[in-house]
Structure formats: structure tokens, C-alpha cells
Amino acid sequence: MVRFKIFVLCSLYFAVQLSCLASGHSFSRLTIENGLSNNHVNAIYEDSYGYIWLGTLDGIDRYDGVELRSFSNQFDGLVENVMAITEDFEKNIWVGTTTGIFRYQQASNKFERIDIDSIDLDVRTLLRLPDSTLCIGTTVGLYLLDAKSLHTEKLQLPNPDGNRPLAISGIFPDNHANIWIASTAGLIRYSFLSKKSELYQHQSVPRGENSSFTSICSIGNKLYLGTAGAGIVEFDLSSKAFFTGVETDNKIILNITSDGKELIFAGTDGGGLNVINVRTRKVKRIVSADNDPESLSSNSIYSFLKDTDGRYWVGTYSAGLCFSKKGEGSFDLHPITSSHPELNKSIRSFYFTPEGEQYFGTRNGFVQVAQDGTLKLFQASSKDGLRSNIILSIYPYNGDILVGTYGGGLSRFSLKEQRLDPFFDDGMLSQGNIYAFDTDRSGNLWITSFNGLYRYSQKDRRVVNFNRENSKLENDQVFEITFDSKGRMWVGSINGTFAYKLNGDKLEPINLEIIPNNTFKTNYIYEDQVGNIWICTERGGLIMVDPELSASVTYRNENGLPDNSICAIVEISTGSYWISTLKGICRYSNQSQKFTSYTMSSGLPGLVFTPAAAYLAPDGKLFFGNEKGLVYFTPEDVGNASLSSKMVITDFYVSGNEVSPGEGSVLDRRIEETKVIHLKDKMNNIGFRFALLNYANPMENFYLFKLEGYDTDWRSNGHNNTVFYQNLKSGNYVFKVKNAYGGSDDLTSMATVEVNIHRSFTRSVFFYLIIFGCALVGGFVLVRYIKMLQGKLKQKVDLPQKAPKYKGSRIAKSQSDIIVAELKRYMENDKPYLNADLKLADLANEINHPMNDISQVLNQDLNQSFSDFVNRYRVEEVIRRMEDKAYEKFTFVAIAQQCGFNSKTSFYRIFKNETGKTPADYLKSLVEQEKP
């Protein structure tokens with residue numbers, strides 16, 4: 001008998017899965033190994049550009065989805081324990097720390113201290129009001145600061161315990177010119193109109209440093225306050241009365257925020273993140289799971305942000321930052337894989353009965369889920385029934401379920417007897433690969449295989465094989481079959497798609513010359529509501545053939561598809577389609593002729609979908625097979641939920657060196673705010689770094705760029721987010737970069753900056769006219785002078801020879817080869833890169849070549865900046881020492897310092913850029929390689 005395993009899916013199990021295992025959220029993590037300044041994250045802020053700022057125990061960092069960049073060295077002194085971050089009306093970042101408040105100045109690229117009361121304030125919270133006012137909550141009271149004039153005022157707030165300073169932990173503005181203040185004294189309302197304040201105290205919340213309000217947020221007409229031991233307290237703004245809040249298991253609420261609609265996010269000390277629906281009063285706990293690397297890294301939540309895409313950013317105590325891989329309204333996984341780790345996640349086929357039973361084909365068996373939730377896993381045995389665990393296809397037939405396998409032929413699952421048996425055990429269908437089924441108008445069952453087509457007649461129980469030898473079938477390796485509304489049979493094979501008209505036992509080919517390059521493997525064939533035939537190919541794109549076979553259209557990735565390997569297509573309404581590929585999913589509107597792509601940043605659990613696995617349920621839900629499980633969603637909810645694709649230019653380079661704003665710089669402000677860059681004619685080697693602020697896996701983002709005035713068309717940069725241009729001529733250029741998958745009407749998916757390279761006066765037309773004029777005058781004077789001498793001396797004078805023609809500044813290939821060779825020899829033999837203070841001038845002195853020549857050769861021949869050139873040698877030296885047993889007791893930072901790195905943050909960033917891995921991951925891979 002066939003072996004099977006039974007698992008009971010009780011409602012309690014599902015409840016725990018939904019509420020505790022990240023509530024559908026899987027998280028990525030950032031730690032000090034990724035460049036985070038410290039794993040203790042106190043504050044998280046999303047600025048107006050879309051960058052994420054992180055305040056930690058050791059400083060402040062900015063994340064753009066590709067790189068964690070430390071700004072701690074932009075302070076005049078040591079900065080630590082950043083507790084709050086906000087942004088003013090001029091887009092300056094303000095940072096509150098335990099030693100004061102600082103403002104980031106774009107012009108100087110520095111954080112400057114703002115002195116208040118001539119003391120080092122311990123800042124705990126910051127709030128920007130609609131005007132230029134900043135509210136600064138400290139451990140000794142509340143200050144108001146005008147961000148323009150820097151004028152400050154300390155508010156006089158009620159504090160019944162005069163012996164203890166009034167500590168402010170949260171501030172919230174209402175719509176009536178009031179701010180509500182969470183403090184150690186209680187809840188305080190301050191009116192900007194009357195300049196008066198009122199204190200509200202709650203009996204169940206003892207006052208004091210360790211048991212007061214910790215944070216505040218609002219939904220509708222209610223305030224919600226976190227406490228240090230009494231959970232969440234509600235305050236009604238109309239009645240001015242306190243009420244018991246939503247019950248949470250953990251009563252220590254470290255921070256509380258809301259989405260302004262119906263959700264509250266409460267970070268607890270040890271209880272994870274509680275997501276509370278104030279309308280239904282339901283609580284979902286998002287917690288850390290020891291064996292799940294995609295869960296939260298810690299249950300002590302010190303900061304939280306829900307960004308504009310609905311993504312969760314969670315700062316923890318000593319475990320770094322976690323951020324969810326998707327926003328709201330995204331895609332979900334069917335519990336068949338998310339709740340059963342023992343099942344293979346890749347769903348190749350599935351079928352849902354009208355009665356509610358569900359059947360799934362996986363790589364380790366055939367799965368049945370009954371209406372009551374009972375799960376049965378059928379696996380192959382040496383006896384009868386199922387002969388292979390790899391299920392390729394499932395098809396309802398005559399009240400039973402047909403199961404096609406890889407290598408094990410065809411089986412039939414009897415719904416009545418609840419067992420698997422061979423479908424037709426005459427040797428013809430008992431082995432081989434069975435990929436697809438369909439039924440013709442006569443009720444005959446057609447089966448695809450690597451032996452051609454099989455036709456099964458229910459009337460006489462006869463099987464007929466059609467192959468290249470006995471019919472006009474083009475190829476025996478058949479993956480797909482479908483009969484259209486006109487009765488034509490469409491067959492997808494390993495080398496193209498073919499159509500036939502049935503004539504008894506004969507297949508009469510139909511001319512498909514309208515399909516160009518019809519040689520690609522066919523994964524799926526689908527007829528839409530108006531009779532168009534859609535052919536999903538592997539590597540050949542998506543092909544649409546009209547009902548009359550008079551024309552075809554091929555769509556490829558250059559038209560907006562995520563990939564040219566198409567897995568399946570489903571029409572949800574006339575002219576509106578969803579298409580799965582090997583690199584994500586997209587929707588297509590026939591009316592707008594527009595593709596909209598969705599990737600893992602949009603919530604997909606995986607990019608790779610499985611062929612011919614798609615289904616539109618009666619309730620409107622769409623199901624697609626994916627390598628990570630069965631993905632399902634409601635198109636109306638997901639259709640407009642594509643995450644933001646805001647493109648920013650993050651850095652500008654001249655001659656390979658990053659340009660910072662400041663006095664004497666070509667940038668007078670941040671590159672993000674710069675519209676035009678003016679350069680001298682010798683500053684003609686330039687570069688750009690850019691980022692798509694959607695916080696997806698960087699390998700998912702693909703960029704197109706163009707330098708107008710130099711490039712004639714858009715150029716692909718893949719997922720690389722830097723580009724360089726060498727030896728540009730003087731003139732006006734416009735650099736543009738955009739999301740390769742962004743819509744043409746999505747202006748935020750493209751960033752631009754104008755670059756003007758000015759011709760020097762000595763190279764201008766006016767200068768040459770002056771020289772020409774001077775030459776004419778000089779020549780005239782010279783001729784007159786010569787004639788005068790001839791008259792006086794009676795002798796002939798020869799005119800001077802013409803001066804040699806001026807040559808261009810580009811270094812000859814032979815000379816540049818010499819410089820490169822001497823550079824590499826010196827670097828490899830003398831290892832000057834071990835010196836952390838190595839400068840370009842040092843190299844120039846050692847190899848006896850001008851600095852400008854060396855810089856030009858690095859950019860011109862090696863396409864590297866000086867720092868990139870040196871750091872590559874440093875990384876190689878670090879790797880050599882990591883492989884050397886003599887250094888195994890040294891930390892990564894100690895080895896990095898020995899090899900010339902003087903910053904932990906830059907070392908981790910540069911090492912990952914060079915190797916694609918963190919030092920820890922790289923060392924782990926070395927250990928794995930050494931294992932026998």
C-alpha cells in the first residue's frame with residue numbers, strides 16, 4: 001500500500017502560526033557585520049528622500065538599501081547614544097543624544113552642536129511641528145527651538161514632584177494647537193494658544209522614573225500611552241478620561257506608535273513587537289524564533305518605524321536592526337508550505353475541488369488537504385500506485401484526480417477509496433514524465449510526455465500514442481497541451497509551439513508562420529476571454545496570437561516583463577492579466593499596454609515561479625506556484641501596492657574621488673539637492689553612485705542610465721549602482737538614471753543632474769582669436785622689422801620656423817602600461833597598502849611618476865579610484881591572513897587594522913563590496929571548504 005503521513009491542522013496551530021511566526025512578515029537583518037555602528041538601535045527615522053536613519057549606542061548611520069553609511073565621523077567629537085532623529089523644513093537632519101542636540105549642515109557636510117541652556121542635555125524625543133519649531137524632550141524638561149533662528153525656550157510644565165526633574169519621553173500634536181506630552185509626572189497638555197498646560201494622572205500608573213509613561217501615539221480621538229510596567233493606557237481626548245488599554249502579555253512597553261488608522265505597534269522589553277488592532281482589540285505578536293533566521297533577531301524592541309511602503313523597521317537591544325521584506329497589501333503563502341516545513345516548498349501543480357478539498361504536487365509527494373484541515377502526504381513505494389515523489393501535474397477526470405509524475409508515469413487518486421493506483425497499467429503510461437492534460441470535444445483525454453502525446457478514450461478504454469514516427473507531431477518532448485474554443489489543439493514542446501486540427505486518428509498541422517523564431521521551449525498555453533492564445537516560453541518571452549491566426553505579438557523584458565522565461569498567465573478580467581516568470585510576477589493591461597512588475601521587495605517570498613501552475617479561484621483570489629510555496633493574493637489589493645521606486649543619486653565622483661559639499665567644493669549642497677554641477681575642463685573624469693530606495697534585495701534592482709550629450713540611448717547597468725565616464729569633452733551634459741522596471745509615468749523612478757564642463761579660457765575660441773590676431777600683428781611687425789634690417793644691412797633674413805603643434809593630455813598607451821606595471825610591482829613587493837595613511841603622493845614619489853599621471857591611469861586603464869585600487873590589495877591581504885592559521889586568534893578588526901584599514905565600518909563595507917560577503921560569512925565558507 002502507499003505510505004502516507006497524517007497531520008491534523010487544528011485551529012490553535014494556525015492561530016499560533018499567524019500570530020507568533022512574524023504574522024506573515026519575514027525579516028532581513030543588519031548588524032555591525034553589515035556596517036552598523038552598534039547593535040543597540042535606539043531610533044529609526046525615514047527622511048524626505050526615503051533614506052532610513054538609525055540611531056545607535058555608538059553613533060548614527062544611514063541606509064539606502066545597498067550600503068550602511070556611518071555619519072558618526074561627521075561630528076566634531078565623539079557621538080554616542082543617539083536617542084531621537086527628525087528632519088526640519090530645509091531637510092536638515094536633527095539628532096538628539098544623551099549629550100545634546102546636533103544639526104546636519106548640508107553646506108559643510110557636518111553635524112554641529114546646538115547649545116541650549118549651556119548644558120549637555122540628555123535628549124530623549126524630538127518632534128517637528130508644521131512651522132519651523134522643534135520640540136525637544138529631555139530628562140530635565142521640554143524645550144522649543146526655532147530651526148531658523150535657533151532661539152530656544154524652555155516650557156514651564158507642571159511637576160508635582162519638585163524634587164525630581166521632569167523627564168519627557170514622548171510628544172504628540174493634535175489638530176487644535178496642542179501638544180500632548182508623556183512624562184514622569186503623567187500626561188500633560190500644552191496649548192500654544194493660551195500658553196497654559198494641564199496635567200492628567202492615571203491611578204494605575206505610579207509616577208516615577210521607572211514606572212511612568214514611556215511613549216505616546218494617537219488614533220482618532222484617543223491617545224495611547226505605553227508604560228514601564230502597566231502595559232498600554234488609553235486616554236479619551238473628548239472626555240479627558242483614562243481607560244484600561246488593550247491587554248498585552250508583556251507590560252513593559254518601551255515604545256508605541258500607530259498607523260493613524262487602526263493599528264498600534266508596541267515594542268516590549270522581552271515580549272517582541274505587539275501589533276494591536278484597536279477596532280477589533282486583537283493582538284498579534286511578532287517574536288524571535290531561534291531556528292528561523294527570517295524572524296526578529298531579539299524580543300527586546302527599542303525602536304520601531306512603519307515606513308511609507310508599510311514595511312516594518314525594528315530596532316532591538318544588542319541584536320541589530322530587522323526590517324520586513326514586504327509592505328502591506330502584498331502576497332501571502334498558502335499554509336501548505338508555510339506551516340509544514342517537512343514538505344518541499346516548490347509547488348509544481350495544484351487543484352481545488354468545488355467542495356473545498358485541496359490537492360498539491362510537490363517534489364516529495366502528493367498532498368491532500370481535506371475540508372476539515374486534515375493533511376495526507378502520499379509518497380512513492382516499490383509496490384503500486386505512486387511511482388515517483390516528484391509530482392508534475394494534477395488534473396480532475398471522471399470524478400477522480402489524475403497525478404502525473406517525473407519518471408513514474410501516471411497515477412489516479414480515487415476520491416471514493418482515498419487511494420492512489422496506476423491509471424492504465426499496460427506499460428505505456430506506467431513510467432516516464434507526464435506534464436499536462438486536457439480533454440477534447442469528444443471527451444477524449446490527452447496526455448503529454450517525452451514519448452509524444454497519448455489519447456485515452458473512456459468509451460473503449462484504449463490508449464493511442466502519437467509521436468514523430470507515426471504522426472505529424474513535430475517533437476516528442478511535449479510539455480503542454482490545450483484545446484481552444486475553436487477545437488484546435490495547441491501543443492507546447494521543447495523547441496516551439498504547434499497547432500493541429502484533429503481528423504480521426506490523424507493530426508493535421510496548422511500553419512503558425514506568424515510566430516517569429518518559434519523555437520523556444522513552451523511552458524504554458526492559455527486562451528483568454530476574446531479567443532487570443534497566449535504562449536509562455538522559456539527565454540523567448542510571451543507570445544500572443546490572435547483568434548484568426550493572422551498576427552502575433554511577442555513581449556520581452558525590454559517591453560516591461562521581469563524576465564523572458566514565462567511560467568504562466570491568467571486573465572482576471574477582459575484585457576487584464578497576471579503573468580508569472582522566473583524573476584518575479586507582473587500584471588499587464590491590454591488597454592494601457594503597460595507592465596507592472598513585483599519582486600521580493602513587493603512581498604513575494606521568492607522570485608522563481610513554477611511552470612503551468614496558476615489558478616483564478618471563484619472568490620477572485622489568484623494562486624501561483626513558486627519555489628517558496630503556493631503564492632496567493634487578491635489582485636485588487638495588490639494591483640496598486642507596488643513599493644515605491646524612488647531613485648536618488650547618492651554620490652558624485654571626480655577623478656575617482658568622492659566629492660563632498662563644502663567650501664571650495666564643486667558641490668555647495670548635498671548631491672540629492674543639486675540640480676547643476678559646474679566643472680573645470682580638466683575635471684572631465686566623473687562618476688555617479690545611485691540607489692533605488694525600495695529596500696529590496698540589491699540584486700533585484702536593475703538600472704538604466706544615460707548621459708545626454710554623450711550617450712545616444714539608455715544603457716543597462718544591471719544591478720550595479722555606480723557608473724563612470726572618462727575624458728569627457730567640454731560641454732553640457734545631463735545624467736539620468738532610472739529603475740529598469742519603473743513605469744514611464746513614474747517620475748520618482750528617475751533621478752537627473754546636469755553637468756556643465758566649462759572650457760578653459762586658453763581653450764576657448766576667443767582665446768584662439770586673440771592668439772591669431774596677435775600672431776598677425778606680430779607677423780606684420782616682424783616683416784616690417786626684417787625689411788628695415790634688409791634696407792640697413794643689405795642682407796637676407798630667414799623667418800623663424802613654426803613651433804611644434806600642441807599635443808593632447810591623454811597618456812600614451814605605452815606610457816600607461818609602464819605606470820600600471822610599476823604600480824603593481826611596488827604594491828605587491830613593498831606592500832605600502834599596510835600603511836593606513838598611504839597617499840597618492842607617496843606612490844608618486846616611490847615609482848617616480850607624476851600624481852596626475854597615476855590618477856589618470858587608474859581611472860583610464862583600471863577604471864578605479866586611488867582608494868579602490870589600494871583597498872583591493874588590503875582586502876586580499878586580509879583574506880590571506882584569514883586563511884593563515886597563525887592569525888586565527890585575531891579578530892576581524894585587528895586583522896583589518898594590520899592590513900591598513902583604520903575604520904571598522906569602512907572595512908566591513910569595502911570587504912563586502914569586494915567579496916560579496918561579510919568577513920564572518922567569508923570565513924564560514926572557508927571552513928566549509930576545508931571539511932572533507
# chains A, B, ... in the order shown; residues from 1 in each chain; ligands from 1
>>> residues_around(residues="Gly220 of chain A", least_positions_apart="6", cutoff="10 Å", atoms="only C-alpha atoms", output="PyMOL selection string")
chain A and resi 236-237+260-262
>>> residues_around(residues="His719 of chain A", least_positions_apart="2", cutoff="6 Å", atoms="only C-alpha atoms", output="CSV table (one decimal) with N, CA and C atoms, in the first residue's frame")
chain,number,residue,atom,x,y,z
A,699,MET,N,20.2,42.8,-5.5
A,699,MET,CA,20.3,42.1,-6.8
A,699,MET,C,19.0,42.1,-7.6
A,701,ASN,N,17.3,44.9,-8.1
A,701,ASN,CA,17.1,46.2,-8.7
A,701,ASN,C,18.0,46.3,-10.0
A,702,PHE,N,17.4,46.7,-11.1
A,702,PHE,CA,18.1,46.9,-12.3
A,702,PHE,C,18.0,48.3,-12.8
>>> residues_around(residues="Leu707 of chain A", least_positions_apart="2", cutoff="6 Å", atoms="only C-alpha atoms", output="ChimeraX atom specification")
/A:710-711,734-735
>>> write_last_selection(atoms="all heavy atoms", output="mmCIF file, in the first residue's frame")
data_model
loop_
_atom_site.group_PDB
_atom_site.id
_atom_site.type_symbol
_atom_site.label_atom_id
_atom_site.label_comp_id
_atom_site.auth_asym_id
_atom_site.auth_seq_id
_atom_site.Cartn_x
_atom_site.Cartn_y
_atom_site.Cartn_z
ATOM 1 N N TYR A 710 26.380 62.585 -24.496
ATOM 2 C CA TYR A 710 27.444 61.599 -24.716
ATOM 3 C C TYR A 710 26.845 60.275 -25.188
ATOM 4 O O TYR A 710 27.247 59.757 -26.211
ATOM 5 C CB TYR A 710 28.236 61.396 -23.416
ATOM 6 C CG TYR A 710 29.392 60.430 -23.548
ATOM 7 C CD1 TYR A 710 30.635 60.879 -23.979
ATOM 8 C CD2 TYR A 710 29.238 59.080 -23.231
ATOM 9 C CE1 TYR A 710 31.706 59.988 -24.100
ATOM 10 C CE2 TYR A 710 30.299 58.188 -23.350
ATOM 11 C CZ TYR A 710 31.534 58.648 -23.791
ATOM 12 O OH TYR A 710 32.576 57.772 -23.912
ATOM 13 N N ASP A 711 25.884 59.745 -24.439
ATOM 14 C CA ASP A 711 25.219 58.500 -24.832
ATOM 15 C C ASP A 711 24.070 58.801 -25.786
ATOM 16 O O ASP A 711 23.326 59.778 -25.596
ATOM 17 C CB ASP A 711 24.670 57.775 -23.600
ATOM 18 C CG ASP A 711 25.774 57.310 -22.652
ATOM 19 O OD1 ASP A 711 26.803 56.828 -23.147
ATOM 20 O OD2 ASP A 711 25.586 57.442 -21.427
ATOM 21 N N VAL A 734 23.538 65.924 -19.286
ATOM 22 C CA VAL A 734 22.509 65.618 -18.300
ATOM 23 C C VAL A 734 22.592 64.124 -18.003
ATOM 24 O O VAL A 734 22.378 63.294 -18.901
ATOM 25 C CB VAL A 734 21.098 65.982 -18.782
ATOM 26 C CG1 VAL A 734 20.064 65.605 -17.719
ATOM 27 C CG2 VAL A 734 21.002 67.470 -19.102
ATOM 28 N N PHE A 735 22.932 63.813 -16.746
ATOM 29 C CA PHE A 735 22.981 62.400 -16.351
ATOM 30 C C PHE A 735 21.611 61.985 -15.844
ATOM 31 O O PHE A 735 21.013 62.649 -14.996
ATOM 32 C CB PHE A 735 24.023 62.172 -15.253
ATOM 33 C CG PHE A 735 24.061 60.747 -14.767
ATOM 34 C CD1 PHE A 735 24.608 59.742 -15.552
ATOM 35 C CD2 PHE A 735 23.522 60.406 -13.534
ATOM 36 C CE1 PHE A 735 24.632 58.429 -15.121
ATOM 37 C CE2 PHE A 735 23.538 59.088 -13.090
ATOM 38 C CZ PHE A 735 24.098 58.096 -13.896
#
>>> select_by_dssp(residues="segment 247-493 of chain A", states="strand (DSSP E)", output="ChimeraX atom specification")
/A:253-258,263-268,273-277,282-286,301-306,312-316,321-324,332-333,349-352,358-362,365-369,374-379,391-397,400-405,410-414,419-422,434-439,445-449,452-457,462-466,478-483,489-493
>>> residues_around(residues="Asn34 of chain A", least_positions_apart="4", cutoff="8 Å", atoms="only C-alpha atoms", output="ChimeraX atom specification")
/A:30,68,908-909,918
